[in-house]
Amino acid sequence: MVAPLKVGIAGLGTVGADVVRLIEAQGAALAARCGRGIRVVAVTARSKAKKRNLDLRGITWAKSALDLANDANVDCFVELIGGSGDPALSAIDAALQSGKSVVTANKALIAKHGLRLAKSAEAHGGALNFEAAVGAAIPVVKTLREGLAGTEVNRVYGILNGTCNYILTRMEQEGLSFAECLKDAQRLGYAEADPSFDVDGHDTAQKLAILASLAFGTKVAQSAVYVEGISSITPADLRAAEDLGYRVKLLGVAVRTAKGIEQRVHPTMVPKSSSIAQVMGVTNAVTIDGEGFPPITLVGPGAGGAATASAVVADIADVARGIRAKPFGRPVARLRATKKAPMERHEGGYYMRLMARDLAGTAATIATRLAEQKISIESIVQRHAEGVDENGMPRKASQVPVILVTYATHEDAVRRALKAVQHDKVISGRPQLIRIEKN
Ligand SMILES: NC(=O)c1ccc[n+]([C@@H]2O[C@H](COP(=O)([O-])OP(=O)(O)OC[C@H]3O[C@@H](n4cnc5c(N)ncnc54)[C@H](OP(=O)(O)O)[C@@H]3O)[C@@H](O)[C@H]2O)c1
């Protein structure tokens, strides 16, 4: 009979507490699947006194995460504290150096220190598993790292932040503003008190950097990700997208191009018929374009205690089975430096919404400036000014929205054309620009 795997868990919050519960509830099934039991032998958190609705009888309370990581009675150290610095980082470092396997759900830490930690895991013989760090219950890390080991991946993209997708879904379905939806998301616990990390795209960027490394065999490079958030999106954009056959989603996209790997996070128009466009609310999804077959889309809960615990426990089960997959799918020495494709050379279609001053010929001026940059227009819509005055009469039009969709072009050409249009003084305010991602 093989001895059970002895697990130490640092962090007993939303995820950690559910991991303890899941291991308890699934004990017999896990033992059958792994050929050995999995036992939580020690835990720690910030406050020992806190009420947690957990049965911790017979489980040692370690003084600190570092003590737990150094505990000789622990085979597998599970880090569920969060944050890219200490105490999580030193504890993981110590656990790996003592030859233990490590499981974590910490995207911030893996995006920043993943490479060095993977090297340490390799050198000392432990595993470093982080399935829950991207898409929680969606097994996308394993899919890229193991399931698609025989496939060349050309593009991986997805909805990786539930807060942003919740906000965009409500804006689209109810015609509400970004600010109104954000307030609701905070009230319902989908958004943090300080939502900027989510809505400005940085959470998505960390997850995308991890996916890009797994997909393309490159070193994780969060600094190579171009990032734009969703706060500038208006209900008018979502209505226009609907009319044009698109939906707007905050996507993280990593794609192999002739100029290198493009990694970008921004609001994106996707065809309404695409799989990714069907993903609503807090749900996450990842689409993988592999060579030789149609795209694979994985959809599921990207957050929450139970969903995240499911991925953490699967990672622990791999350790119990003796699986020591290379953290990024290949030895660290075989990971290539990321050749960053410059965003100015991004190629694709663009949606533009410009507020034309009420001047005859504004659309013609815009069309001329685009033509100068060899940008072809797929469609153009000049709308009547929206809104009514206090008497219910149509508001006197002083600005007319002009909406354009271009055929594939380069980002720098679009920027040059818009600069010229602004210089012509035929529009007011900042133009809205949304990139289009076709299937
Ligand atoms: N929540 C999700 O839906 C989700 C989804 C995917 C990934 N993740 C990742 O999972 C990790 C944990 O997230 P969470 O939502 O469970 O966080 P959480 O609810 O805030 O829990 C954090 C836990 O860490 C403990 N802790 C904080 N500082 C500590 C310290 N100095 N020493 C020891 N323990 C300390 C806290 O102790 P006390 O309980 O005593 O305060 C708490 O138990 C993060 O990396 C997060 O990014 C979370």
# chains A, B, ... in the order shown; residues from 1 in each chain; ligands from 1
>>> select_by_dssp(residues="range 42-204 of chain A", states="helix (DSSP H, G or I)", output="ChimeraX atom specification")
/A:65-70,88-97,107-124,131-133,140-147,162-174,178-187,196-199,202-204
>>> residues_around(residues="Leu56 in chain A", least_positions_apart="6", cutoff="9 Å", atoms="only C-alpha atoms", output="list in words")
Val20, Ala42 and Val43 of chain A
>>> write_last_selection(atoms="C-alpha atoms", output="PDB file, in the first residue's frame")
ATOM      1  CA  VAL A  20      -9.876  21.374   2.372  1.00  0.00           C
ATOM      2  CA  ALA A  42      -1.064  20.950   8.069  1.00  0.00           C
ATOM      3  CA  VAL A  43      -2.541  24.350   7.262  1.00  0.00           C
TER       4      VAL A  43
END
>>> select_by_dssp(residues="range 119-162 of chain A", states="strand (DSSP E or B)", output="list in words")
Leu128, Asn129, Val153, Asn154, Arg155, Val156, Tyr157, Gly158 and Ile159 of chain A
>>> residues_near_ligand(ligand="ligand 1", cutoff="9 Å", atoms="only C-alpha atoms and all ligand atoms", output="NGL selection string")
:A and (10-18 or 44-52 or 63-66 or 79-84 or 86-88 or 104-109 or 132-137 or 302-309)
>>> residues_around(residues="range 282-291 of chain A", least_positions_apart="2", cutoff="6 Å", atoms="only C-alpha atoms", output="list in words")
Glu152, Val153, Asn154, Arg155, Val156, Tyr157, Gly158, Ile159, Leu160, Gly162, Asn165, Tyr166, Phe293, Pro295, Ile296, Thr297, Leu298, Val299, Gly300, Pro301 and Gly302 of chain A
>>> write_last_selection(atoms="N, CA, C and O atoms", output="compact mmCIF listing (two decimals), in the first residue's frame")
# COMPACT_ATOMS: atom_id res chain seq x y z
N GLU A 152 0.75 22.18 -33.29
CA GLU A 152 1.28 23.54 -33.33
C GLU A 152 0.12 24.51 -33.09
O GLU A 152 -0.88 24.49 -33.81
N VAL A 153 0.24 25.31 -32.06
CA VAL A 153 -0.83 26.27 -31.75
C VAL A 153 -0.47 27.59 -32.43
O VAL A 153 0.65 28.08 -32.33
N ASN A 154 -1.45 28.15 -33.15
CA ASN A 154 -1.21 29.42 -33.85
C ASN A 154 -1.79 30.62 -33.11
O ASN A 154 -1.31 31.74 -33.25
N ARG A 155 -2.87 30.35 -32.36
CA ARG A 155 -3.51 31.47 -31.66
C ARG A 155 -4.26 30.93 -30.44
O ARG A 155 -4.86 29.85 -30.51
N VAL A 156 -4.19 31.64 -29.37
CA VAL A 156 -5.03 31.31 -28.21
C VAL A 156 -5.63 32.61 -27.72
O VAL A 156 -4.94 33.62 -27.61
N TYR A 157 -6.94 32.59 -27.52
CA TYR A 157 -7.58 33.84 -27.08
C TYR A 157 -8.77 33.50 -26.20
O TYR A 157 -9.34 32.42 -26.30
N GLY A 158 -9.14 34.45 -25.36
CA GLY A 158 -10.27 34.13 -24.51
C GLY A 158 -10.77 35.26 -23.67
O GLY A 158 -10.19 36.35 -23.59
N ILE A 159 -11.90 34.95 -23.04
CA ILE A 159 -12.51 35.81 -22.03
C ILE A 159 -11.97 35.29 -20.72
O ILE A 159 -12.35 34.18 -20.28
N LEU A 160 -11.06 36.03 -20.10
CA LEU A 160 -10.33 35.50 -18.95
C LEU A 160 -10.67 36.25 -17.67
O LEU A 160 -10.08 35.97 -16.63
N GLY A 162 -14.05 37.39 -15.48
CA GLY A 162 -15.51 37.33 -15.33
C GLY A 162 -16.13 38.68 -15.02
O GLY A 162 -17.24 38.97 -15.47
N ASN A 165 -16.58 40.55 -18.27
CA ASN A 165 -17.62 39.96 -19.13
C ASN A 165 -19.01 40.20 -18.55
O ASN A 165 -19.97 40.42 -19.28
N TYR A 166 -19.09 40.19 -17.21
CA TYR A 166 -20.37 40.49 -16.55
C TYR A 166 -20.80 41.92 -16.90
O TYR A 166 -21.95 42.16 -17.29
N PHE A 293 -6.89 21.52 -37.60
CA PHE A 293 -8.29 21.24 -37.25
C PHE A 293 -8.96 22.51 -36.76
O PHE A 293 -8.29 23.48 -36.40
N PRO A 295 -10.98 25.29 -34.46
CA PRO A 295 -10.65 25.73 -33.10
C PRO A 295 -11.37 24.92 -32.02
O PRO A 295 -12.46 24.41 -32.22
N ILE A 296 -10.70 24.84 -30.87
CA ILE A 296 -11.28 24.19 -29.68
C ILE A 296 -11.65 25.32 -28.72
O ILE A 296 -10.82 26.19 -28.44
N THR A 297 -12.89 25.32 -28.22
CA THR A 297 -13.26 26.33 -27.23
C THR A 297 -13.65 25.64 -25.92
O THR A 297 -14.47 24.72 -25.92
N LEU A 298 -13.02 26.07 -24.85
CA LEU A 298 -13.34 25.56 -23.51
C LEU A 298 -14.09 26.66 -22.77
O LEU A 298 -13.64 27.81 -22.75
N VAL A 299 -15.21 26.32 -22.18
CA VAL A 299 -16.05 27.32 -21.51
C VAL A 299 -16.35 26.86 -20.09
O VAL A 299 -16.59 25.68 -19.87
N GLY A 300 -16.32 27.77 -19.13
CA GLY A 300 -16.67 27.36 -17.77
C GLY A 300 -16.47 28.46 -16.75
O GLY A 300 -16.13 29.59 -17.11
N PRO A 301 -16.68 28.11 -15.48
CA PRO A 301 -16.53 29.13 -14.44
C PRO A 301 -15.07 29.50 -14.23
O PRO A 301 -14.23 28.63 -14.02
N GLY A 302 -14.79 30.79 -14.30
CA GLY A 302 -13.41 31.26 -14.18
C GLY A 302 -13.06 31.78 -12.81
O GLY A 302 -11.99 32.34 -12.59
